[in-house]
$ cat model-v2.csv   # CSV, C-alpha atoms and all ligand atoms
chain,number,residue,atom,x,y,z
W,1,MET,CA,0.3,39.8,-45.2
W,2,LYS,CA,3.4,39.0,-43.1
W,3,VAL,CA,4.9,35.5,-43.0
W,4,LEU,CA,6.8,35.1,-39.7
W,5,ARG,CA,8.5,32.1,-38.0
W,6,TRP,CA,7.0,31.8,-34.5
W,7,THR,CA,9.0,30.6,-31.5
W,8,GLY,CA,7.6,28.1,-29.0
W,9,ALA,CA,6.5,30.9,-26.8
W,10,GLU,CA,4.7,32.7,-29.6
W,11,LEU,CA,3.0,29.5,-30.6
W,12,ARG,CA,1.7,29.1,-27.0
W,13,ASP,CA,0.4,32.6,-27.0
W,14,GLY,CA,-1.0,32.3,-30.5
W,15,ALA,CA,-2.6,28.9,-30.1
W,16,ALA,CA,-6.1,30.2,-30.2
W,17,GLU,CA,-5.5,32.0,-33.5
W,18,LEU,CA,-3.9,28.9,-35.0
W,19,ALA,CA,-6.8,26.8,-33.6
W,20,ALA,CA,-9.3,28.8,-35.6
W,21,LEU,CA,-7.3,28.1,-38.8
W,22,LEU,CA,-7.0,24.4,-38.0
W,23,ALA,CA,-10.7,24.1,-37.2
W,24,ASP,CA,-11.6,25.9,-40.4
W,25,THR,CA,-9.4,23.6,-42.4
W,26,VAL,CA,-11.0,20.5,-40.9
W,27,ALA,CA,-14.5,21.9,-41.3
W,28,GLY,CA,-13.6,22.4,-45.0
W,29,GLY,CA,-13.0,18.7,-45.4
W,30,ALA,CA,-9.2,18.7,-45.7
W,31,SER,CA,-7.4,15.6,-44.4
W,32,VAL,CA,-4.8,17.0,-42.0
W,33,GLY,CA,-5.0,14.4,-39.3
W,34,PHE,CA,-8.3,15.1,-37.6
W,35,LEU,CA,-11.9,14.0,-37.7
W,36,ALA,CA,-14.8,16.5,-37.9
W,37,PRO,CA,-16.0,18.2,-35.8
W,38,LEU,CA,-12.8,19.5,-34.3
W,39,THR,CA,-13.5,22.0,-31.5
W,40,ARG,CA,-11.4,25.2,-31.1
W,41,ALA,CA,-10.4,23.9,-27.6
W,42,GLU,CA,-9.1,20.6,-29.1
W,43,ALA,CA,-7.3,22.4,-31.8
W,44,ALA,CA,-5.7,24.9,-29.4
W,45,ALA,CA,-4.5,22.0,-27.2
W,46,TRP,CA,-2.9,20.4,-30.2
W,47,TRP,CA,-1.0,23.6,-31.1
W,48,ARG,CA,0.2,24.1,-27.5
W,49,GLU,CA,1.8,20.6,-27.8
W,50,ARG,CA,3.5,21.8,-31.0
W,51,ALA,CA,4.9,24.8,-29.0
W,52,ALA,CA,6.9,22.4,-26.9
W,53,GLU,CA,8.3,20.7,-30.0
W,54,ALA,CA,9.2,24.1,-31.5
W,55,ALA,CA,10.9,25.1,-28.3
W,56,ALA,CA,12.9,21.9,-28.5
W,57,GLY,CA,14.0,22.6,-32.0
W,58,ARG,CA,12.2,19.7,-33.6
W,59,LEU,CA,9.6,21.8,-35.4
W,60,ALA,CA,9.7,25.1,-37.3
W,61,VAL,CA,6.4,26.8,-37.7
W,62,TRP,CA,5.6,29.8,-40.0
W,63,VAL,CA,2.4,31.8,-39.8
W,64,ALA,CA,0.9,34.3,-42.2
W,65,VAL,CA,-0.6,37.1,-40.3
W,66,ASP,CA,-2.9,39.6,-41.9
W,67,GLY,CA,-3.3,43.3,-41.1
W,68,THR,CA,-5.8,42.6,-38.4
W,69,GLY,CA,-3.5,40.1,-36.6
W,70,ARG,CA,-5.5,37.1,-37.8
W,71,VAL,CA,-3.6,34.0,-38.7
W,72,ALA,CA,-4.5,33.3,-42.4
W,73,GLY,CA,-2.1,30.4,-43.1
W,74,THR,CA,0.6,28.3,-41.7
W,75,VAL,CA,3.3,25.7,-42.6
W,76,SER,CA,5.7,23.6,-40.6
W,77,LEU,CA,8.9,21.6,-41.0
W,78,ALA,CA,9.4,18.6,-38.7
W,79,ARG,CA,12.9,17.4,-38.2
W,80,PRO,CA,13.6,13.8,-37.2
W,81,ASP,CA,15.7,13.3,-34.1
W,82,LYS,CA,17.4,10.2,-35.5
W,83,PRO,CA,21.2,10.7,-36.0
W,84,ASN,CA,21.1,9.3,-39.5
W,85,SER,CA,18.3,11.6,-40.7
W,86,ARG,CA,19.4,15.2,-39.8
W,87,HIS,CA,19.7,16.1,-43.5
W,88,ARG,CA,15.9,15.8,-44.1
W,89,ALA,CA,12.7,17.3,-42.9
W,90,GLU,CA,9.0,16.6,-43.4
W,91,LEU,CA,6.8,19.5,-44.6
W,92,VAL,CA,3.6,19.3,-42.6
W,93,LYS,CA,0.4,21.3,-41.9
W,94,LEU,CA,0.4,23.6,-44.9
W,95,MET,CA,-3.0,25.3,-44.4
W,96,VAL,CA,-4.6,28.5,-45.7
W,97,HIS,CA,-7.9,29.7,-44.2
W,98,ARG,CA,-10.8,29.2,-46.7
W,99,SER,CA,-11.3,32.9,-46.8
W,100,ALA,CA,-7.8,33.5,-48.0
W,101,ARG,CA,-7.3,30.8,-50.5
W,102,GLY,CA,-6.6,31.2,-54.2
W,103,GLN,CA,-4.4,34.4,-53.7
W,104,GLY,CA,-1.0,32.8,-53.7
W,105,LEU,CA,-0.6,32.4,-50.0
W,106,GLY,CA,-0.2,28.6,-50.1
W,107,ARG,CA,2.6,28.9,-52.7
W,108,ARG,CA,4.3,31.7,-50.6
W,109,LEU,CA,4.2,29.6,-47.4
W,110,LEU,CA,5.6,26.6,-49.3
W,111,ALA,CA,8.4,28.7,-50.8
W,112,THR,CA,9.2,30.1,-47.3
W,113,ALA,CA,9.6,26.7,-45.8
W,114,GLU,CA,11.7,25.4,-48.7
W,115,HIS,CA,14.1,28.4,-48.6
W,116,ALA,CA,14.5,28.2,-44.9
W,117,ALA,CA,15.2,24.4,-45.2
W,118,ALA,CA,17.9,25.0,-47.8
W,119,ALA,CA,19.4,27.8,-45.7
W,120,ASP,CA,19.5,25.4,-42.7
W,121,GLY,CA,21.4,22.8,-44.7
W,122,ILE,CA,18.5,20.4,-45.2
W,123,THR,CA,19.0,18.6,-48.5
W,124,LEU,CA,15.8,16.5,-48.7
W,125,LEU,CA,12.2,17.5,-48.0
W,126,HIS,CA,9.2,15.1,-48.1
W,127,LEU,CA,5.5,15.2,-47.4
W,128,ASP,CA,2.3,13.3,-47.9
W,129,THR,CA,-1.0,14.7,-49.0
W,130,GLU,CA,-4.5,13.3,-49.7
W,131,THR,CA,-4.5,11.8,-53.2
W,132,GLY,CA,-6.5,14.0,-55.6
W,133,SER,CA,-6.6,17.0,-53.3
W,134,PRO,CA,-6.0,20.6,-54.6
W,135,ALA,CA,-2.6,20.6,-52.8
W,136,GLU,CA,-1.2,18.1,-55.3
W,137,HIS,CA,-1.3,20.7,-58.1
W,138,LEU,CA,0.5,23.1,-55.8
W,139,TYR,CA,3.3,20.6,-54.9
W,140,ARG,CA,3.8,19.4,-58.5
W,141,SER,CA,3.9,22.9,-59.9
W,142,ALA,CA,6.4,23.9,-57.2
W,143,GLY,CA,8.8,21.2,-58.4
W,144,TRP,CA,8.0,18.3,-56.0
W,145,THR,CA,8.4,14.8,-57.3
W,146,GLU,CA,5.7,12.2,-56.7
W,147,ALA,CA,7.1,9.1,-55.0
W,148,GLY,CA,4.0,6.9,-54.9
W,149,THR,CA,0.5,6.5,-53.5
W,150,ILE,CA,-0.8,4.4,-50.6
W,151,PRO,CA,-4.5,3.5,-50.8
W,152,ASP,CA,-6.8,3.8,-47.8
W,153,TYR,CA,-4.2,5.6,-45.8
W,154,ALA,CA,-6.3,7.8,-43.5
W,155,LEU,CA,-9.9,8.8,-42.7
W,156,SER,CA,-11.1,12.1,-44.2
W,157,PRO,CA,-12.7,14.4,-41.6
W,158,ASP,CA,-16.1,12.9,-42.4
W,159,GLY,CA,-14.9,9.3,-41.9
W,160,GLU,CA,-14.1,8.1,-45.5
W,161,LEU,CA,-10.9,6.2,-46.1
W,162,ARG,CA,-8.7,8.1,-48.6
W,163,GLY,CA,-5.3,7.4,-50.2
W,164,THR,CA,-2.2,9.5,-49.6
W,165,THR,CA,0.4,10.5,-52.2
W,166,LEU,CA,4.1,10.9,-51.2
W,167,TYR,CA,6.2,13.7,-52.6
W,168,PHE,CA,9.8,14.8,-52.2
W,169,LYS,CA,12.0,17.7,-53.2
W,170,ARG,CA,15.7,18.6,-52.9
W,171,PRO,CA,15.5,22.3,-51.9
W,172,ALA,CA,17.8,24.6,-53.9
W,173,ALA,CA,20.9,25.6,-52.1
W,174,PRO,CA,20.8,29.3,-51.3
W,175,ALA,CA,22.8,31.5,-53.7
W,176,PRO,CA,26.3,32.4,-52.4
W,177,PRO,CA,26.7,36.0,-51.3
W,178,ARG,CA,27.6,38.2,-54.3
W,179,ALA,CA,31.1,39.4,-54.4
W,180,SER,CA,31.3,43.1,-54.0
W,181,ALA,CA,32.5,44.9,-57.1
W,182,ALA,CA,34.0,47.7,-55.0
W,183,THR,CA,37.3,46.9,-53.4
W,184,GLY,CA,37.8,49.7,-51.0
W,201,LIG,C1,-3.6,23.6,-50.5
W,201,LIG,C2,-3.8,25.0,-49.9
W,201,LIG,C3,-2.7,25.2,-48.9
W,201,LIG,C4,-3.5,26.0,-51.1
W,201,LIG,O1,-3.6,27.3,-50.6
W,201,LIG,P1,-3.9,28.5,-51.5
W,201,LIG,O2,-3.5,29.8,-50.8
W,201,LIG,O3,-5.3,28.5,-52.0
W,201,LIG,O4,-2.9,28.3,-52.7
W,201,LIG,P2,-2.4,29.3,-53.8
W,201,LIG,O5,-3.4,30.4,-53.9
W,201,LIG,O6,-1.0,29.6,-53.6
W,201,LIG,O7,-2.5,28.4,-55.1
W,201,LIG,C5,-1.5,27.5,-55.4
W,201,LIG,C6,-1.9,26.7,-56.7
W,201,LIG,O8,-2.9,25.8,-56.3
W,201,LIG,C7,-4.1,26.0,-57.2
W,201,LIG,N1,-5.3,25.7,-56.4
W,201,LIG,C8,-5.5,26.3,-55.2
W,201,LIG,N2,-6.7,25.8,-54.7
W,201,LIG,C9,-7.2,25.0,-55.7
W,201,LIG,C10,-8.4,24.2,-55.8
W,201,LIG,N3,-9.4,24.2,-54.9
W,201,LIG,N4,-8.5,23.5,-56.9
W,201,LIG,C11,-7.6,23.5,-57.9
W,201,LIG,N5,-6.4,24.2,-57.8
W,201,LIG,C12,-6.3,24.9,-56.7
W,201,LIG,C13,-4.0,27.4,-57.6
W,201,LIG,O9,-4.7,27.6,-58.8
W,201,LIG,C14,-2.5,27.6,-57.7
W,201,LIG,O10,-2.0,27.1,-58.9
W,201,LIG,P3,-1.6,28.1,-60.1
W,201,LIG,O11,-0.5,29.0,-59.5
W,201,LIG,O12,-1.0,27.1,-61.1
W,201,LIG,O13,-2.8,28.8,-60.5
W,201,LIG,C15,-5.2,25.2,-49.4
W,201,LIG,O14,-6.1,24.9,-50.4
W,201,LIG,C16,-5.5,24.5,-48.1
W,201,LIG,O15,-5.2,25.0,-47.0
W,201,LIG,N6,-6.1,23.3,-48.2
W,201,LIG,C17,-6.5,22.5,-47.1
W,201,LIG,C18,-5.3,22.0,-46.3
W,201,LIG,C19,-4.5,21.1,-47.2
W,201,LIG,O16,-5.0,20.3,-48.0
W,201,LIG,N7,-3.2,21.2,-47.1
W,201,LIG,C20,-2.2,20.4,-47.7
W,201,LIG,C21,-1.9,19.2,-46.8
W,201,LIG,S1,-0.5,18.4,-47.2
$ encode --input "model-v2.csv" --output "structure tokens" --more "lines below"
Ligand SMILES: CC(C)(COP(=O)(O)OP(=O)(O)OC[C@H]1O[C@@H](n2cnc3c(N)ncnc32)[C@H](O)[C@@H]1OP(=O)(O)O)[C@@H](O)C(=O)NCCC(=O)NCCS
Amino acid sequence: MKVLRWTGAELRDGAAELAALLADTVAGGASVGFLAPLTRAEAAAWWRERAAEAAAGRLAVWVAVDGTGRVAGTVSLARPDKPNSRHRAELVKLMVHRSARGQGLGRRLLATAEHAAAADGITLLHLDTETGSPAEHLYRSAGWTEAGTIPDYALSPDGELRGTTLYFKRPAAPAPPRASAATG
């Protein structure tokens, strides 16, 4: 499984693959911004809009691609365009296809985004996730701090109001390059 950062053009070209992942995630009941049923066409249109944001530098998107070229997972970092907020980013749309879950891919995608954020000088990450969802265990065990819960925040795919829990993390600064022992 390779984890790659996709450019805006790659996102446009790969929108159908990402749409299959998003539709699967919504069909599985996860609260990622959509109501069920989400068609592949609607999902692909949504990803093509993200391609424009990626091309403008406001969104970084990573995809996990398996040996057959199928997209098995994704995660994004959204950067605010406000001048006073350039140090932070929101982690969004962490998703792993139901057929690939439970094998460490979610944790790997999360770590990829965190390392990239630190390398890019981002000093604060934040996210929200459905209260009580499996993702909460992942974030807590990866060192994210819970900041609070908002009840009745959003509808689940099947139309039930659910709360959201906010988390934040200060990504670790990348290690400085090791000084070479050899001097010539
Ligand atoms: C959350 C999600 C990304 C996890 O992906 P994954 O590839 O299954 O995660 P991993 O295999 O890396 O597991 C990470 C941890 O979560 C735990 N976990 C994963 N799924 C779980 C579940 N259904 N119930 C309880 N714990 C679960 C794993 O046991 C693991 O913890 P451990 O290392 O202490 O054993 C995936 O379930 C998903 O896509 N969910 C739907 C979308 C979603 O809710 N995204 C978050 C939105 S903010």
$ closest_atom_pairs --input "model-v2.csv" --of "chain W" --to "ligand LIG 201 (chain W)" --cutoff "10 Å" --atoms "all atoms listed in the file" --output "CSV"
residue,atom,partner,partner_atom,distance
W:Leu21,CA,W:LIG201,O15,9.0
W:Leu22,CA,W:LIG201,C18,8.8
W:Asp24,CA,W:LIG201,C17,9.1
W:Thr25,CA,W:LIG201,C17,5.6
W:Val26,CA,W:LIG201,C17,7.9
W:Ala27,CA,W:LIG201,C17,9.9
W:Gly28,CA,W:LIG201,C17,7.4
W:Gly29,CA,W:LIG201,C17,7.7
W:Ala30,CA,W:LIG201,C17,4.9
W:Ser31,CA,W:LIG201,O16,6.4
W:Val32,CA,W:LIG201,C21,6.0
W:Gly33,CA,W:LIG201,C21,9.4
W:Ala72,CA,W:LIG201,O2,9.2
W:Gly73,CA,W:LIG201,O15,7.3
W:Thr74,CA,W:LIG201,C3,8.5
W:Val75,CA,W:LIG201,C3,8.7
W:Leu91,CA,W:LIG201,S1,7.8
W:Val92,CA,W:LIG201,S1,6.2
W:Lys93,CA,W:LIG201,C21,5.8
W:Leu94,CA,W:LIG201,N7,4.9
W:Met95,CA,W:LIG201,O15,3.4
W:Val96,CA,W:LIG201,O15,3.8
W:His97,CA,W:LIG201,O15,6.1
W:Arg98,CA,W:LIG201,O15,7.0
W:Ser99,CA,W:LIG201,O3,9.1
W:Ala100,CA,W:LIG201,O2,6.3
W:Arg101,CA,W:LIG201,O3,3.4
W:Gly102,CA,W:LIG201,O5,3.3
W:Gln103,CA,W:LIG201,O5,4.1
W:Gly104,CA,W:LIG201,O6,3.2
W:Leu105,CA,W:LIG201,O2,4.0
W:Gly106,CA,W:LIG201,O2,3.6
W:Arg107,CA,W:LIG201,O6,3.8
W:Arg108,CA,W:LIG201,O6,6.4
W:Leu109,CA,W:LIG201,O6,8.1
W:Leu110,CA,W:LIG201,C3,8.4
W:Ala111,CA,W:LIG201,O6,9.8
W:Leu127,CA,W:LIG201,S1,6.8
W:Asp128,CA,W:LIG201,S1,5.9
W:Thr129,CA,W:LIG201,S1,4.1
W:Glu130,CA,W:LIG201,S1,6.9
W:Thr131,CA,W:LIG201,S1,9.8
W:Gly132,CA,W:LIG201,N4,9.8
W:Ser133,CA,W:LIG201,O16,6.4
W:Pro134,CA,W:LIG201,N4,4.5
W:Ala135,CA,W:LIG201,C1,3.9
W:Glu136,CA,W:LIG201,C1,7.7
W:His137,CA,W:LIG201,O8,5.6
W:Leu138,CA,W:LIG201,O8,4.4
W:Tyr139,CA,W:LIG201,O8,8.2
W:Arg140,CA,W:LIG201,C6,9.4
W:Ser141,CA,W:LIG201,O12,6.6
W:Ala142,CA,W:LIG201,C6,8.8
W:Thr164,CA,W:LIG201,S1,9.4
W:Thr165,CA,W:LIG201,S1,9.4
W:Leu166,CA,W:LIG201,S1,9.7
W:Tyr167,CA,W:LIG201,S1,9.8
$ closest_residue --input "model-v2.csv" --among "W:Val3, W:Ala51, W:Ile122, W:Ala154" --to "Ala64 (chain W)" --atoms "only C-alpha atoms"
W:Val3
$ closest_residue --input "model-v2.csv" --among "W:Asp120, W:Glu53, W:Glu160, W:Glu114" --to "Arg86 (chain W)" --atoms "only C-alpha atoms"
W:Asp120
$ residues_around --input "model-v2.csv" --residues "region 65-68 of chain W" --least-positions-apart "6" --cutoff "8 Å" --atoms "all atoms listed in the file" --output "list in words"
Met1, Lys2, Val3 and Leu4 of chain W
$ atom_distance --input "model-v2.csv" --atom1 "CA of Ala119 (chain W)" --atom2 "CA of Ala54 (chain W)"
17.9 Å
$ atom_distance --input "model-v2.csv" --atom1 "CA of Arg50 (chain W)" --atom2 "CA of Gly121 (chain W)"
22.6 Å
$ closest_residue --input "model-v2.csv" --among "W:Arg12, W:Arg70, W:Arg170, W:His87" --to "Ala44 (chain W)" --atoms "all atoms listed in the file"
W:Arg12
$ atom_distance --input "model-v2.csv" --atom1 "CA of Arg40 (chain W)" --atom2 "CA of Ala19 (chain W)"
5.5 Å
$ decode --input "model-v2.csv" --residues "region 144-157 of chain W" --atoms "N, CA and C atoms" --output "PDB file, in the first residue's frame"
ATOM      1  N   TRP W 144      -3.844  12.999  20.568  1.00  0.00           N
ATOM      2  CA  TRP W 144      -4.694  14.194  20.420  1.00  0.00           C
ATOM      3  C   TRP W 144      -5.408  14.463  21.744  1.00  0.00           C
ATOM      4  N   THR W 145      -5.637  15.738  22.026  1.00  0.00           N
ATOM      5  CA  THR W 145      -6.284  16.162  23.267  1.00  0.00           C
ATOM      6  C   THR W 145      -7.731  16.563  22.988  1.00  0.00           C
ATOM      7  N   GLU W 146      -8.643  16.029  23.810  1.00  0.00           N
ATOM      8  CA  GLU W 146     -10.055  16.383  23.635  1.00  0.00           C
ATOM      9  C   GLU W 146     -10.292  17.795  24.149  1.00  0.00           C
ATOM     10  N   ALA W 147     -10.979  18.617  23.351  1.00  0.00           N
ATOM     11  CA  ALA W 147     -11.234  20.000  23.758  1.00  0.00           C
ATOM     12  C   ALA W 147     -12.672  20.230  24.171  1.00  0.00           C
ATOM     13  N   GLY W 148     -13.542  19.282  23.889  1.00  0.00           N
ATOM     14  CA  GLY W 148     -14.937  19.455  24.294  1.00  0.00           C
ATOM     15  C   GLY W 148     -15.899  18.829  23.301  1.00  0.00           C
ATOM     16  N   THR W 149     -17.156  18.816  23.706  1.00  0.00           N
ATOM     17  CA  THR W 149     -18.188  18.162  22.890  1.00  0.00           C
ATOM     18  C   THR W 149     -19.344  19.130  22.648  1.00  0.00           C
ATOM     19  N   ILE W 150     -19.865  19.110  21.449  1.00  0.00           N
ATOM     20  CA  ILE W 150     -21.045  19.919  21.112  1.00  0.00           C
ATOM     21  C   ILE W 150     -22.177  18.944  20.788  1.00  0.00           C
ATOM     22  N   PRO W 151     -23.271  18.991  21.560  1.00  0.00           N
ATOM     23  CA  PRO W 151     -24.358  18.049  21.281  1.00  0.00           C
ATOM     24  C   PRO W 151     -25.125  18.429  20.016  1.00  0.00           C
ATOM     25  N   ASP W 152     -25.765  17.433  19.419  1.00  0.00           N
ATOM     26  CA  ASP W 152     -26.671  17.658  18.276  1.00  0.00           C
ATOM     27  C   ASP W 152     -26.013  18.484  17.171  1.00  0.00           C
ATOM     28  N   TYR W 153     -24.795  18.190  16.880  1.00  0.00           N
ATOM     29  CA  TYR W 153     -24.033  19.046  15.960  1.00  0.00           C
ATOM     30  C   TYR W 153     -24.419  18.820  14.494  1.00  0.00           C
ATOM     31  N   ALA W 154     -24.580  17.549  14.118  1.00  0.00           N
ATOM     32  CA  ALA W 154     -24.838  17.264  12.695  1.00  0.00           C
ATOM     33  C   ALA W 154     -25.673  15.999  12.572  1.00  0.00           C
ATOM     34  N   LEU W 155     -26.308  15.874  11.406  1.00  0.00           N
ATOM     35  CA  LEU W 155     -27.086  14.666  11.145  1.00  0.00           C
ATOM     36  C   LEU W 155     -26.153  13.538  10.723  1.00  0.00           C
ATOM     37  N   SER W 156     -26.415  12.347  11.215  1.00  0.00           N
ATOM     38  CA  SER W 156     -25.717  11.163  10.714  1.00  0.00           C
ATOM     39  C   SER W 156     -26.259  10.883   9.313  1.00  0.00           C
ATOM     40  N   PRO W 157     -25.595   9.992   8.539  1.00  0.00           N
ATOM     41  CA  PRO W 157     -26.101   9.711   7.189  1.00  0.00           C
ATOM     42  C   PRO W 157     -27.568   9.293   7.172  1.00  0.00           C
TER      43      PRO W 157
END
